[in-house]
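Visitor: Mind having a look at this structure? Questions to follow.
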Amino acid sequence: MPRPISAAISAAALAHNLQAVQALLAAAAAQTGAPAPPNVWAVIKANAYGHGVRTAVRGFSAAQGLAMLDLDEAVRCREAGWVGPILLLEGIFEPADIELLDRYHLTSCIHHDEQLAMLGHARPRRRLDAYVKLNAGMNRLGFSPMHYRQAHARARALREQGVLGTVGKMAHFSFADGPEGIAEQHELFLRTTAGLSGPVSVCNSAALLRFAQVAARADGQSHWVRPGICLYGASPFAGTPASVYNLKPAMTLRSRLIAVQRLQAGDRVGYAGLFTASGPMRVGVVACGYADGYPRHACTGTPVTVGGVRTRVLGRVSMDMLVVDLEPVPTAGVGTQVVLWGEGGPTVDEVAESAGTIGYELLCALAPRVPLVFPD
Ligand SMILES: *Cc1c(COP(=O)(O)O)cnc(C)c1O
């Protein structure tokens with residue numbers, strides 16, 4: 001028998017979350033007077049945040065497009081039957097990629113001059129759709145506000161040459177989840193791109209959940225949002241659970257107890273003995289460790305559910321195992337089911353917080369050795 005750990009991936013939860021986001025956008029569009037809600041690029045980079053590309057293609061069938069970074073993942077989406085638009089968020093990496101854009105009909109982000117130069121030599125059979133990206137202050141990808149209009153003009157020239165088709169405008173906000181918000185960077189985007197037509201894409205999960213009116217502006221352009229994390233049922237905001245937005249966890253990490261120990265006062269648990277029992281107690285050993293993607297930095301007290309009862313992790317997480325407090329679950333024994341995060345357990349965001357990180361990292365870091373199962 002294999003180790004009793006698995007991650008259940010629910011395509012129904014993915015579909016539900018997309019619908020919840022689309023409902024929120026439709027309400028915002030009605031408020032702003034936009035003729036239609038924005039379209040959705042469902043972001044499925046990093047193997048769909050650990051959920052698997054094929055399931056994401058199934059779960060997000062009602063999205064208008066899929067967005068990712070990796071050309072291999074884009075090809076896998078086509079092979080999985082996705083015929084809609086695909087956006088490459090980092091664009092091309094070398095001239096040879098242009099042939100893949102052409103063959104698989106991929107939309108590309110253009111964020112630096114070298115990409116424009118590569119496209120200048122291209123002779124695609126079909127026009128390639130693209131977005132020219134503004135660096136609105138994050139200083140990761142994009143043309144600076146000073147150079148943006150020049151880059152956009154070069155893209156339009158490529159359209160004149162028959163290389164490019166639609167030329168859109170995009171940006172990515174640095175502070176969508178924090179107190180600063182997006183106002184300043186969005187203003188900069190509007191100023192820099194004023195008068196340039198084409199589709200617009202600026203909002204990730206945090207931006208569209210908090211500033212849905214920006215996502216659904218009624219300015220006559222076609223708007224596209226780029227949600228990632230919220231579609232997987234996790235929250236982009238520290239301290240605000242995803243359930244507030246009617247989102248459901250799409251990944252449930254489950255395992256079982258493989259041993260039980262009885263401790264006396266003064267007994268210690270795990271490497272470095274970081275937890276010491278203050279009296280007699282039972283503890284359970286779970287088949288899940290950091291080699292499965294469970295965070296080693298999860299400290300004593302990290303929530304976990306054993307036999308349907310919420311309890312806590314004790315001591316240091318090891319490579320293949322972790323230890324849990326069985327005091328609240330006197331009936332638990334070897335074989336009792338454990339939910340590390342997801343449906344019927346703590347949220348991935350709660351576990352992440354106890355480990356000093358964010359839900360994104362835990363979902364993406366699920367180890368390949370954990371088998372994925374597909375309940376629906
Ligand atoms: C990852 C990414 C997104 C999605 O971000 P979430 O916070 O997961 O919604 C959107 N846009 C770009 C450019 C990204 O890289």
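Every chain in the structure tokens has a letter given in the order shown (A, B, ...), and although residue numbers restart at 1 in each chain, ligands are simply numbered from 1 in the order shown.
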At a cut-off of 9 Å and counting only C-alpha atoms and all ligand atoms, what residues surround ligand 1? Please answer as a compact mmCIF listing (two decimals) with C-alpha atoms, in the first residue's frame.
Guide:
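See out18.txt below for the written result:
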# COMPACT_ATOMS: atom_id res chain seq x y z
CA TRP A 41 -7.91 35.22 -17.91
CA ALA A 42 -7.84 32.37 -15.37
CA VAL A 43 -4.21 32.24 -14.24
CA ILE A 44 -2.92 28.66 -14.23
CA LYS A 45 0.83 29.21 -13.95
CA ALA A 46 2.91 26.90 -11.74
CA TYR A 49 -0.96 26.63 -8.45
CA ALA A 67 -2.89 32.73 -18.57
CA MET A 68 0.48 31.19 -17.67
CA LEU A 69 4.22 31.64 -18.19
CA LEU A 89 2.44 36.46 -18.91
CA GLU A 90 6.20 36.74 -19.50
CA LEU A 141 8.43 43.40 -15.90
CA MET A 170 -1.46 45.65 -19.29
CA ALA A 171 0.08 46.34 -15.87
CA HIS A 172 0.43 44.58 -12.53
CA PHE A 173 -0.06 46.32 -9.17
CA ALA A 176 -3.36 45.58 -4.27
CA ASP A 177 -3.53 43.64 -0.99
CA SER A 201 -5.74 43.97 -18.28
CA VAL A 202 -4.62 45.20 -14.88
CA CYS A 203 -6.27 43.31 -12.00
CA ASN A 204 -5.09 40.15 -10.21
CA SER A 205 -7.16 38.49 -7.45
CA ALA A 206 -6.48 41.07 -4.76
CA ALA A 207 -7.15 43.99 -7.10
CA LEU A 208 -10.39 42.63 -8.51
CA VAL A 225 -8.96 40.48 -15.25
CA ARG A 226 -6.25 37.99 -14.26
CA PRO A 227 -7.32 36.15 -11.10
CA GLY A 228 -5.13 33.34 -9.84
CA ILE A 229 -5.19 32.51 -6.13
CA CYS A 230 -8.89 33.23 -5.52
CA LEU A 231 -9.90 30.71 -8.20
CA TYR A 232 -8.20 28.02 -6.12
CA SER A 235 -7.23 34.34 -0.04
CA PRO A 236 -4.86 37.02 -1.34
CA TYR A 360 0.21 30.59 -2.65
Visitor: If you count only C-alpha atoms, which residues fall within 7 Å of segment 13-26 of chain A, apart from same-chain ones fewer than 3 positions away, as a list of chain:residue names?
Guide: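 Once the nearby chain positions are removed, what remains is A:Ser10, A:Ala29, A:Ala30, A:Pro37, A:Pro38, A:Gly59, A:Phe60, A:Ala212, A:Ala216, A:Leu231, A:Tyr232, A:Gly233, A:Asn246, A:Leu247, A:Lys248, A:Pro249, A:Ala250.
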Visitor: Pull the helix (DSSP H, G or I) assignments for segment 79-313 of chain A out of DSSP run on the backbone, and list those residues as number ranges by chain.
Guide: A: 79, 97-104, 113-120, 145-160, 183-193, 205-210, 212-215, 229-232, 242-245, 271-273, 290-292
Visitor: Taking only C-alpha atoms into account, name the residue in A:Ala74, A:Ala11, A:Val339, A:Ala265 that is nearest to Ser61 of chain A.
Guide: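 Ranking A:Ala74, A:Ala11, A:Val339, A:Ala265 by distance to Ser61 of chain A, first place goes to A:Ala11.
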Visitor: Just list the residues in segment 202-299 of chain A DSSP gives strand (DSSP E or B) on the backbone, as a list of chain:residue names.
Guide: A:His223, A:Trp224, A:Val225, A:Met251, A:Thr252, A:Leu253, A:Arg254, A:Ser255, A:Arg256, A:Leu257, A:Ile258, A:Ala259, A:Val260, A:Gln261, A:Arg262, A:Leu263, A:Arg268, A:Val269, A:Phe275, A:Thr276, A:Met281, A:Arg282, A:Val283, A:Gly284, A:Val285, A:Val286
Visitor: Keeping only C-alpha atoms, take the residues you just selected and write them out as an mmCIF file, in the first residue's frame.
Guide:
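Wrote it out as selection13.cif, contents follow:
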data_model
loop_
_atom_site.group_PDB
_atom_site.id
_atom_site.type_symbol
_atom_site.label_atom_id
_atom_site.label_comp_id
_atom_site.auth_asym_id
_atom_site.auth_seq_id
_atom_site.Cartn_x
_atom_site.Cartn_y
_atom_site.Cartn_z
ATOM 1 C CA HIS A 223 -11.365 44.619 -20.009
ATOM 2 C CA TRP A 224 -9.738 41.392 -18.864
ATOM 3 C CA VAL A 225 -8.961 40.479 -15.251
ATOM 4 C CA MET A 251 -7.190 21.354 -2.895
ATOM 5 C CA THR A 252 -7.610 19.163 0.178
ATOM 6 C CA LEU A 253 -4.434 17.610 1.548
ATOM 7 C CA ARG A 254 -5.264 14.450 3.501
ATOM 8 C CA SER A 255 -3.309 11.786 5.288
ATOM 9 C CA ARG A 256 -3.701 9.383 8.200
ATOM 10 C CA LEU A 257 -2.233 8.634 11.607
ATOM 11 C CA ILE A 258 0.429 5.946 11.279
ATOM 12 C CA ALA A 259 1.384 5.777 14.980
ATOM 13 C CA VAL A 260 0.258 6.947 18.412
ATOM 14 C CA GLN A 261 2.531 7.699 21.391
ATOM 15 C CA ARG A 262 1.667 8.206 25.065
ATOM 16 C CA LEU A 263 3.704 10.945 26.702
ATOM 17 C CA ARG A 268 9.615 15.830 24.313
ATOM 18 C CA VAL A 269 8.544 15.490 20.697
ATOM 19 C CA PHE A 275 7.531 20.528 22.322
ATOM 20 C CA THR A 276 7.508 19.301 25.925
ATOM 21 C CA MET A 281 -1.089 13.057 26.840
ATOM 22 C CA ARG A 282 -1.521 11.132 23.586
ATOM 23 C CA VAL A 283 0.065 12.349 20.372
ATOM 24 C CA GLY A 284 -0.404 11.071 16.815
ATOM 25 C CA VAL A 285 2.142 10.689 14.032
ATOM 26 C CA VAL A 286 0.854 11.798 10.609
#
Visitor: Near segment 105-107 of chain A, within 7 Å and counting only C-alpha atoms, which residues show up once chain neighbours fewer than 3 positions away are dropped, as a VMD selection string?
Guide: chain A and resid 85 to 88 101 to 102 128 to 130
Visitor: Generate the output file for the selected residues, N, CA, C and O atoms, as a compact mmCIF listing (two decimals), in the first residue's frame.
Guide:
# COMPACT_ATOMS: atom_id res chain seq x y z
N PRO A 85 -8.46 31.63 -25.98
CA PRO A 85 -7.19 32.37 -25.90
C PRO A 85 -6.30 31.88 -24.75
O PRO A 85 -6.79 31.43 -23.71
N ILE A 86 -5.00 31.97 -24.99
CA ILE A 86 -3.99 31.66 -23.97
C ILE A 86 -3.02 32.82 -23.93
O ILE A 86 -2.50 33.24 -24.96
N LEU A 87 -2.79 33.36 -22.72
CA LEU A 87 -1.88 34.50 -22.56
C LEU A 87 -0.60 34.05 -21.86
O LEU A 87 -0.66 33.44 -20.79
N LEU A 88 0.53 34.38 -22.47
CA LEU A 88 1.83 34.11 -21.85
C LEU A 88 2.27 35.36 -21.09
O LEU A 88 2.61 36.38 -21.70
N LEU A 101 4.15 30.35 -30.61
CA LEU A 101 3.03 31.31 -30.53
C LEU A 101 2.13 31.14 -31.74
O LEU A 101 0.90 31.15 -31.64
N ASP A 102 2.78 31.00 -32.88
CA ASP A 102 2.07 30.90 -34.15
C ASP A 102 1.30 29.58 -34.22
O ASP A 102 0.09 29.55 -34.46
N LEU A 128 -0.19 37.61 -34.55
CA LEU A 128 -0.05 37.26 -33.14
C LEU A 128 -0.66 38.37 -32.29
O LEU A 128 -0.33 39.54 -32.47
N ASP A 129 -1.52 37.99 -31.36
CA ASP A 129 -2.10 38.98 -30.43
C ASP A 129 -1.12 39.22 -29.29
O ASP A 129 -0.40 38.31 -28.88
N ALA A 130 -1.11 40.44 -28.78
CA ALA A 130 -0.13 40.78 -27.74
C ALA A 130 -0.67 41.87 -26.81
O ALA A 130 -1.62 42.58 -27.15
Visitor: Do you know which residues are at most 8 Å from segment 314-325 of chain A counting only C-alpha atoms, after dropping those on the same chain fewer than 5 positions away, and could you put them as a list in words?
Guide: Val269, Gly270, Tyr271, Ala272, Gly273, Leu274, Phe275, Arg282, Val283, Gly284, Val285, Val286, Ala287, Cys288, Gly289, Tyr290, Ala291, Asp292, Pro295, Arg296, His297, Ala298, Cys299, Thr300, Gly301, Thr302 and Val304 of chain A
